[in-house]
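Enquirer: File name run-v9.pdb; file contents PDB, C-alpha atoms; full text below.
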```pdb
ATOM      1  CA  MET A   1     150.699 -92.805-113.991  1.00  0.00           C
ATOM      2  CA  LYS A   2     147.656 -94.851-115.035  1.00  0.00           C
ATOM      3  CA  LYS A   3     147.681 -96.302-118.531  1.00  0.00           C
ATOM      4  CA  ILE A   4     144.700 -96.630-120.832  1.00  0.00           C
ATOM      5  CA  ILE A   5     145.427 -99.411-123.292  1.00  0.00           C
ATOM      6  CA  PHE A   6     143.137 -98.407-126.128  1.00  0.00           C
ATOM      7  CA  ILE A   7     142.497-101.432-128.347  1.00  0.00           C
ATOM      8  CA  HIS A   8     140.703-100.394-131.509  1.00  0.00           C
ATOM      9  CA  GLY A   9     140.095-101.763-134.972  1.00  0.00           C
ATOM     10  CA  PRO A  10     137.513-102.994-137.432  1.00  0.00           C
ATOM     11  CA  ASN A  11     134.411-104.957-136.483  1.00  0.00           C
ATOM     12  CA  GLY A  12     135.064-108.634-135.926  1.00  0.00           C
ATOM     13  CA  VAL A  13     138.847-108.370-135.866  1.00  0.00           C
ATOM     14  CA  GLY A  14     139.032-109.870-132.360  1.00  0.00           C
ATOM     15  CA  LYS A  15     139.246-106.877-130.021  1.00  0.00           C
ATOM     16  CA  SER A  16     137.020-108.349-127.303  1.00  0.00           C
ATOM     17  CA  THR A  17     138.656-111.768-127.515  1.00  0.00           C
ATOM     18  CA  LEU A  18     142.114-110.218-127.129  1.00  0.00           C
ATOM     19  CA  CYS A  19     141.018-107.923-124.304  1.00  0.00           C
ATOM     20  CA  ARG A  20     139.480-110.799-122.355  1.00  0.00           C
ATOM     21  CA  LEU A  21     142.823-112.641-122.250  1.00  0.00           C
ATOM     22  CA  LEU A  22     144.833-109.434-121.818  1.00  0.00           C
ATOM     23  CA  HIS A  23     142.735-108.599-118.753  1.00  0.00           C
ATOM     24  CA  GLN A  24     143.390-112.071-117.314  1.00  0.00           C
ATOM     25  CA  LYS A  25     147.142-111.804-117.873  1.00  0.00           C
ATOM     26  CA  LEU A  26     147.670-108.185-116.797  1.00  0.00           C
ATOM     27  CA  ASN A  27     147.652-107.678-113.034  1.00  0.00           C
ATOM     28  CA  ASN A  28     146.121-104.483-111.636  1.00  0.00           C
ATOM     29  CA  SER A  29     143.974-104.062-114.726  1.00  0.00           C
ATOM     30  CA  ALA A  30     140.353-103.179-115.367  1.00  0.00           C
ATOM     31  CA  TRP A  31     138.548-103.809-118.641  1.00  0.00           C
ATOM     32  CA  LEU A  32     135.984-101.492-120.166  1.00  0.00           C
ATOM     33  CA  GLU A  33     134.208-103.385-122.951  1.00  0.00           C
ATOM     34  CA  SER A  34     132.554-100.548-124.864  1.00  0.00           C
ATOM     35  CA  GLU A  35     129.596-102.714-125.869  1.00  0.00           C
ATOM     36  CA  TRP A  36     128.579-102.953-122.197  1.00  0.00           C
ATOM     37  CA  CYS A  37     127.970 -99.209-122.156  1.00  0.00           C
ATOM     38  CA  LYS A  38     125.165 -99.367-124.692  1.00  0.00           C
ATOM     39  CA  MET A  39     123.441-102.664-123.875  1.00  0.00           C
ATOM     40  CA  THR A  40     119.823-101.870-124.662  1.00  0.00           C
ATOM     41  CA  ASN A  41     117.498-103.994-126.749  1.00  0.00           C
ATOM     42  CA  PRO A  42     117.018-102.802-129.350  1.00  0.00           C
ATOM     43  CA  PHE A  43     119.870-100.322-129.633  1.00  0.00           C
ATOM     44  CA  ALA A  44     119.606 -97.404-132.032  1.00  0.00           C
ATOM     45  CA  TYR A  45     121.897 -94.382-132.272  1.00  0.00           C
ATOM     46  CA  THR A  46     119.669 -91.528-131.107  1.00  0.00           C
ATOM     47  CA  ASP A  47     120.698 -88.358-129.284  1.00  0.00           C
ATOM     48  CA  GLU A  48     119.502 -89.945-126.046  1.00  0.00           C
ATOM     49  CA  THR A  49     121.329 -93.266-126.460  1.00  0.00           C
ATOM     50  CA  VAL A  50     124.518 -91.552-127.614  1.00  0.00           C
ATOM     51  CA  GLU A  51     124.449 -89.358-124.498  1.00  0.00           C
ATOM     52  CA  MET A  52     123.782 -92.437-122.339  1.00  0.00           C
ATOM     53  CA  THR A  53     126.736 -94.237-123.920  1.00  0.00           C
ATOM     54  CA  VAL A  54     129.029 -91.239-123.403  1.00  0.00           C
ATOM     55  CA  SER A  55     127.889 -90.961-119.783  1.00  0.00           C
ATOM     56  CA  ASN A  56     128.408 -94.675-119.100  1.00  0.00           C
ATOM     57  CA  MET A  57     131.886 -94.758-120.652  1.00  0.00           C
ATOM     58  CA  THR A  58     132.937 -91.551-118.915  1.00  0.00           C
ATOM     59  CA  HIS A  59     131.733 -92.827-115.548  1.00  0.00           C
ATOM     60  CA  MET A  60     133.529 -96.167-115.903  1.00  0.00           C
ATOM     61  CA  LEU A  61     136.802 -94.610-117.069  1.00  0.00           C
ATOM     62  CA  LYS A  62     136.763 -91.986-114.298  1.00  0.00           C
ATOM     63  CA  SER A  63     136.056 -94.698-111.722  1.00  0.00           C
ATOM     64  CA  TYR A  64     138.906 -96.873-112.964  1.00  0.00           C
ATOM     65  CA  LEU A  65     141.281 -93.889-113.211  1.00  0.00           C
ATOM     66  CA  GLY A  66     140.427 -92.968-109.614  1.00  0.00           C
ATOM     67  CA  CYS A  67     140.846 -96.485-108.215  1.00  0.00           C
ATOM     68  CA  THR A  68     144.201 -96.964-106.466  1.00  0.00           C
ATOM     69  CA  SER A  69     144.315-100.707-107.196  1.00  0.00           C
ATOM     70  CA  VAL A  70     143.989-100.202-110.971  1.00  0.00           C
ATOM     71  CA  GLU A  71     147.130 -99.404-112.956  1.00  0.00           C
ATOM     72  CA  TYR A  72     145.977-100.381-116.447  1.00  0.00           C
ATOM     73  CA  ILE A  73     142.602 -99.758-118.072  1.00  0.00           C
ATOM     74  CA  ILE A  74     141.918-101.885-121.112  1.00  0.00           C
ATOM     75  CA  PHE A  75     139.411-100.101-123.344  1.00  0.00           C
ATOM     76  CA  ASN A  76     138.313-101.662-126.623  1.00  0.00           C
ATOM     77  CA  TYR A  77     136.382 -99.746-129.229  1.00  0.00           C
ATOM     78  CA  GLY A  78     135.630 -99.412-132.939  1.00  0.00           C
ATOM     79  CA  PHE A  79     135.250 -96.124-134.810  1.00  0.00           C
ATOM     80  CA  HIS A  80     132.556 -97.108-137.319  1.00  0.00           C
ATOM     81  CA  GLY A  81     129.330 -95.125-137.482  1.00  0.00           C
ATOM     82  CA  PRO A  82     128.848 -92.367-134.881  1.00  0.00           C
ATOM     83  CA  ARG A  83     131.309 -94.013-132.499  1.00  0.00           C
ATOM     84  CA  ARG A  84     134.165 -91.636-133.287  1.00  0.00           C
ATOM     85  CA  LYS A  85     132.170 -88.670-131.931  1.00  0.00           C
ATOM     86  CA  ILE A  86     131.288 -90.707-128.830  1.00  0.00           C
ATOM     87  CA  TYR A  87     134.975 -91.465-128.272  1.00  0.00           C
ATOM     88  CA  GLU A  88     135.928 -87.808-128.703  1.00  0.00           C
ATOM     89  CA  LYS A  89     133.317 -86.714-126.134  1.00  0.00           C
ATOM     90  CA  VAL A  90     134.443 -89.362-123.649  1.00  0.00           C
ATOM     91  CA  MET A  91     138.099 -88.369-124.029  1.00  0.00           C
ATOM     92  CA  GLU A  92     137.163 -84.718-123.581  1.00  0.00           C
ATOM     93  CA  ASN A  93     135.260 -85.641-120.393  1.00  0.00           C
ATOM     94  CA  ILE A  94     138.321 -87.335-118.864  1.00  0.00           C
ATOM     95  CA  SER A  95     140.943 -84.946-120.255  1.00  0.00           C
ATOM     96  CA  SER A  96     141.583 -83.300-116.869  1.00  0.00           C
ATOM     97  CA  MET A  97     142.659 -86.627-115.356  1.00  0.00           C
ATOM     98  CA  GLU A  98     146.227 -87.932-115.463  1.00  0.00           C
ATOM     99  CA  PHE A  99     146.810 -90.968-117.666  1.00  0.00           C
ATOM    100  CA  LYS A 100     148.910 -92.202-120.527  1.00  0.00           C
ATOM    101  CA  LEU A 101     146.995 -93.349-123.595  1.00  0.00           C
ATOM    102  CA  ILE A 102     148.494 -96.319-125.406  1.00  0.00           C
ATOM    103  CA  PRO A 103     146.515 -96.788-128.629  1.00  0.00           C
ATOM    104  CA  ILE A 104     146.970-100.119-130.407  1.00  0.00           C
ATOM    105  CA  LEU A 105     145.233-100.813-133.704  1.00  0.00           C
ATOM    106  CA  ILE A 106     144.303-104.475-134.198  1.00  0.00           C
ATOM    107  CA  THR A 107     144.129-105.658-137.807  1.00  0.00           C
ATOM    108  CA  CYS A 108     143.941-108.880-139.765  1.00  0.00           C
ATOM    109  CA  SER A 109     143.479-109.798-143.409  1.00  0.00           C
ATOM    110  CA  GLU A 110     140.007-109.404-144.873  1.00  0.00           C
ATOM    111  CA  GLU A 111     139.779-113.175-145.365  1.00  0.00           C
ATOM    112  CA  GLU A 112     140.661-113.775-141.713  1.00  0.00           C
ATOM    113  CA  ASN A 113     138.251-111.034-140.626  1.00  0.00           C
ATOM    114  CA  ILE A 114     135.396-112.748-142.490  1.00  0.00           C
ATOM    115  CA  SER A 115     136.340-116.113-140.989  1.00  0.00           C
ATOM    116  CA  ARG A 116     136.349-114.675-137.466  1.00  0.00           C
ATOM    117  CA  MET A 117     132.978-112.978-137.936  1.00  0.00           C
ATOM    118  CA  LYS A 118     131.421-116.205-139.278  1.00  0.00           C
ATOM    119  CA  LYS A 119     132.889-118.164-136.363  1.00  0.00           C
ATOM    120  CA  ASP A 120     131.375-115.545-134.032  1.00  0.00           C
ATOM    121  CA  GLY A 121     127.931-116.200-135.571  1.00  0.00           C
ATOM    122  CA  ARG A 122     127.478-112.877-137.340  1.00  0.00           C
ATOM    123  CA  ASP A 123     124.938-112.853-140.142  1.00  0.00           C
ATOM    124  CA  PRO A 124     125.914-112.059-143.768  1.00  0.00           C
ATOM    125  CA  ASP A 125     124.395-108.545-143.686  1.00  0.00           C
ATOM    126  CA  ARG A 126     126.345-107.627-140.563  1.00  0.00           C
ATOM    127  CA  ILE A 127     129.547-109.006-142.122  1.00  0.00           C
ATOM    128  CA  LYS A 128     128.906-106.979-145.288  1.00  0.00           C
ATOM    129  CA  ARG A 129     128.383-103.775-143.242  1.00  0.00           C
ATOM    130  CA  ALA A 130     131.569-104.449-141.264  1.00  0.00           C
ATOM    131  CA  LEU A 131     133.623-104.976-144.398  1.00  0.00           C
ATOM    132  CA  SER A 132     132.278-101.775-145.965  1.00  0.00           C
ATOM    133  CA  VAL A 133     133.963 -99.640-143.277  1.00  0.00           C
ATOM    134  CA  ARG A 134     137.166-101.635-142.700  1.00  0.00           C
ATOM    135  CA  ASN A 135     139.152 -99.044-144.644  1.00  0.00           C
ATOM    136  CA  ILE A 136     138.571 -96.233-142.105  1.00  0.00           C
ATOM    137  CA  TYR A 137     141.699 -97.454-140.323  1.00  0.00           C
ATOM    138  CA  ASP A 138     143.916 -97.330-143.422  1.00  0.00           C
ATOM    139  CA  GLY A 139     146.724 -94.834-142.943  1.00  0.00           C
ATOM    140  CA  SER A 140     146.433 -94.717-139.140  1.00  0.00           C
ATOM    141  CA  ASP A 141     149.661 -93.617-137.510  1.00  0.00           C
ATOM    142  CA  VAL A 142     149.592 -95.706-134.323  1.00  0.00           C
ATOM    143  CA  LEU A 143     151.040 -98.936-133.020  1.00  0.00           C
ATOM    144  CA  THR A 144     149.483-101.612-135.220  1.00  0.00           C
ATOM    145  CA  LEU A 145     149.285-105.338-134.595  1.00  0.00           C
ATOM    146  CA  ASP A 146     148.348-107.615-137.487  1.00  0.00           C
ATOM    147  CA  THR A 147     146.837-110.711-135.890  1.00  0.00           C
ATOM    148  CA  THR A 148     146.269-112.674-139.109  1.00  0.00           C
ATOM    149  CA  GLU A 149     148.918-115.312-138.404  1.00  0.00           C
ATOM    150  CA  ARG A 150     148.845-115.106-134.584  1.00  0.00           C
ATOM    151  CA  THR A 151     146.973-117.101-132.002  1.00  0.00           C
ATOM    152  CA  VAL A 152     145.120-115.123-129.347  1.00  0.00           C
ATOM    153  CA  GLU A 153     147.910-115.928-126.877  1.00  0.00           C
ATOM    154  CA  MET A 154     150.616-114.761-129.299  1.00  0.00           C
ATOM    155  CA  ALA A 155     148.747-111.528-130.016  1.00  0.00           C
ATOM    156  CA  VAL A 156     148.213-110.784-126.309  1.00  0.00           C
ATOM    157  CA  ASP A 157     151.889-111.415-125.580  1.00  0.00           C
ATOM    158  CA  LYS A 158     152.776-108.927-128.334  1.00  0.00           C
ATOM    159  CA  ILE A 159     150.307-106.390-126.894  1.00  0.00           C
ATOM    160  CA  LEU A 160     152.001-106.786-123.498  1.00  0.00           C
ATOM    161  CA  ASP A 161     155.373-106.127-125.172  1.00  0.00           C
ATOM    162  CA  LEU A 162     153.977-103.007-126.869  1.00  0.00           C
ATOM    163  CA  VAL A 163     152.509-101.759-123.577  1.00  0.00           C
ATOM    164  CA  LEU A 164     155.830-102.284-121.794  1.00  0.00           C
ATOM    165  CA  GLU A 165     157.649-100.440-124.575  1.00  0.00           C
ATOM    166  CA  ALA A 166     155.155 -97.567-124.485  1.00  0.00           C
ATOM    167  CA  THR A 167     155.311 -97.410-120.690  1.00  0.00           C
ATOM    168  CA  GLN A 168     159.085 -97.118-120.762  1.00  0.00           C
ATOM    169  CA  ASN A 169     158.938 -94.464-123.488  1.00  0.00           C
ATOM    170  CA  THR A 170     159.707 -91.142-121.819  1.00  0.00           C
ATOM    171  CA  HIS A 171     158.702 -89.100-124.865  1.00  0.00           C
ATOM    172  CA  SER A 172     155.207 -87.722-125.227  1.00  0.00           C
ATOM    173  CA  VAL A 173     154.388 -89.931-128.204  1.00  0.00           C
ATOM    174  CA  PHE A 174     151.406 -91.568-126.519  1.00  0.00           C
ATOM    175  CA  ARG A 175     149.288 -88.600-125.533  1.00  0.00           C
ATOM    176  CA  ARG A 176     145.711 -88.754-124.406  1.00  0.00           C
ATOM    177  CA  THR A 177     144.146 -86.816-127.251  1.00  0.00           C
ATOM    178  CA  MET A 178     142.317 -88.082-130.298  1.00  0.00           C
ATOM    179  CA  LEU A 179     144.957 -86.348-132.394  1.00  0.00           C
ATOM    180  CA  SER A 180     147.581 -88.790-131.166  1.00  0.00           C
ATOM    181  CA  ILE A 181     145.606 -91.621-132.744  1.00  0.00           C
ATOM    182  CA  SER A 182     145.749 -89.881-136.126  1.00  0.00           C
ATOM    183  CA  LEU A 183     142.925 -91.689-137.861  1.00  0.00           C
ATOM    184  CA  PRO A 184     142.037 -90.400-141.273  1.00  0.00           C
ATOM    185  CA  SER A 185     139.008 -88.100-141.294  1.00  0.00           C
ATOM    186  CA  ALA A 186     135.693 -89.918-141.190  1.00  0.00           C
TER     187      ALA A 186
END
```
I'd like the structure from this file rewritten - as structure tokens, please.

Expert:
Amino acid sequence: MKKIIFIHGPNGVGKSTLCRLLHQKLNNSAWLESEWCKMTNPFAYTDETVEMTVSNMTHMLKSYLGCTSVEYIIFNYGFHGPRRKIYEKVMENISSMEFKLIPILITCSEEENISRMKKDGRDPDRIKRALSVRNIYDGSDVLTLDTTERTVEMAVDKILDLVLEATQNTHSVFRRTMLSISLPSA
């Protein structure tokens, strides 16, 4: 069965950086960087752009799920703003397909989060907005990886261990529904 490794977490925590290396290390994998699905300049959340984003993500995930050479789909995403509704629509659109969802929440300390965002060149207003919604992940009942004291390589190795563990798990703990991620209500 195909596996969707769903890497999620606050803005600037390092999701894309981790996924880039994870994709390099994990054979038979495809990577869906969610930002690619809404690359317009400027981008604004309107009904039209939300529908475009849902359509793009759905198309990419269905293509990867249907590709015989792909076993793992790495999908990184953040739930701030209207993104949670986008995710729910995308998951509904692919719900008839067979896959195992492996959600992994990436976290780090607030101090480390700020440092990473500054290193990434994010402006102070964007950092402030990101920090204001960091708490939406508090109380999540999913596999969680704190990357504060880990190098990128160490974190990716731990993700690979978590994926192996989840893949070997015969129980239905890692279902493909939003409910299995158990984020607090937005």

Enquirer: With distances taken over only C-alpha atoms, which residue among A:Leu101, A:Ala130, A:Met52, A:Ile94 lies nearest Gly81 in chain A?

Expert: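 So, comparing all the options, the nearest one is A:Ala130.
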
Enquirer: Which is closer to Thr17 in chain A than all the others in A:Ile86, A:Val133, A:Met117, A:Ile127, using all atoms listed in the file?

Expert: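 For Thr17 in chain A, the nearest of the candidates is A:Met117.
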
Enquirer: On this structure, the PyMOL selection byres ((chain A and resi 33) around 8) would catch which residues? List them as number ranges by chain, sorted by chain and number.

Expert: A: 16, 31-32, 34-37, 75-77

Enquirer: For the residues selected in the previous step, produce a file with C-alpha atoms as an mmCIF file, in the coordinates of the input.

Expert:
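Writing the result to selection-v3.cif gives the following:
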```cif
data_model
loop_
_atom_site.group_PDB
_atom_site.id
_atom_site.type_symbol
_atom_site.label_atom_id
_atom_site.label_comp_id
_atom_site.auth_asym_id
_atom_site.auth_seq_id
_atom_site.Cartn_x
_atom_site.Cartn_y
_atom_site.Cartn_z
ATOM 1 C CA SER A 16 137.020 -108.349 -127.303
ATOM 2 C CA TRP A 31 138.548 -103.809 -118.641
ATOM 3 C CA LEU A 32 135.984 -101.492 -120.166
ATOM 4 C CA SER A 34 132.554 -100.548 -124.864
ATOM 5 C CA GLU A 35 129.596 -102.714 -125.869
ATOM 6 C CA TRP A 36 128.579 -102.953 -122.197
ATOM 7 C CA CYS A 37 127.970 -99.209 -122.156
ATOM 8 C CA PHE A 75 139.411 -100.101 -123.344
ATOM 9 C CA ASN A 76 138.313 -101.662 -126.623
ATOM 10 C CA TYR A 77 136.382 -99.746 -129.229
#
```

Enquirer: Translate the PyMOL selection byres ((chain A and resi 105) around 12), as applied to the file shown, into an explicit residue set as a PyMOL selection string.

Expert: chain A and resi 5-11+13-15+18+75-79+102-104+106-108+136-147+155+159+162+181-183

Enquirer: Using the chain letters and numbers from this file, what does the PyMOL selection byres ((chain A and resi 30) around 8) select? Give the answer as a ChimeraX atom specification.

Expert: /A:23,28-29,31-32,64,70,72-74

Enquirer: Let me make sure I understand: among A:Met1, A:Gln24, A:Ser69, A:Gly12, which one has the smallest atom-to-atom distance to Glu153 in chain A if we use only C-alpha atoms?

Expert: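 Answer, going by the shortest atom-to-atom distance: A:Gln24.
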
Enquirer: What does the structure give for the distance between CA of Asp120 in chain A and CA of Leu61 in chain A, in Å to one decimal?

Expert: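 These atoms are spaced 27.5 Å apart.
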
Enquirer: I need the residue nearest Phe99 in chain A from this list: A:Ile4, A:Leu21, A:Val152, A:Leu164. Use only C-alpha atoms for the distance.

Expert: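 Ranking A:Ile4, A:Leu21, A:Val152, A:Leu164 by distance to Phe99 in chain A, first place goes to A:Ile4.
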
Enquirer: Would you mind reading off the distance between CA of Thr58 in chain A and CA of Asn135 in chain A, one decimal, in Å?

Expert: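 Rounded to one decimal, the two atoms are 27.5 Å apart.
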
Enquirer: What is the distance, in Å and to one decimal place, between CA of Asn113 in chain A and CA of Arg134 in chain A?

Expert: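 Between CA of Asn113 in chain A and CA of Arg134 in chain A the gap is 9.7 Å.
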
Enquirer: I'd like to know which of A:Lys158, A:Arg83, A:Lys62, A:Lys118 is closest to Ser96 in chain A, using only C-alpha atoms.

Expert: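 Selected residue with least distance to Ser96 in chain A: A:Lys62.
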
Enquirer: Counting all atoms listed in the file, which residue out of A:Glu71, A:Asp123, A:Glu51, A:Asp161 sits closest to Tyr87 in chain A?

Expert: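 Comparing A:Glu71, A:Asp123, A:Glu51, A:Asp161 against Tyr87 in chain A, the winner is A:Glu51.
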
Enquirer: Would you list the contacts of Lys89 in chain A as a list in words, taking every protein, DNA or RNA residue within 12 Å and counting all atoms listed in the file, but skipping same-chain residues closer than 3 positions in sequence?

Expert: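 In the requested format, the answer is Val50, Glu51, Met52, Thr53, Val54, Ser55, Asn56, Met57, Thr58, Pro82, Arg83, Arg84, Lys85, Ile86, Glu92, Asn93, Ile94, Ser95, Thr177 and Met178 of chain A.
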
Enquirer: Just the residues within 10 Å of Met97 in chain A, please, counting all atoms listed in the file, with nothing from its chain fewer than 4 positions along; format it as a ChimeraX atom specification.

Expert: /A:2,62,65-66,91,93,176
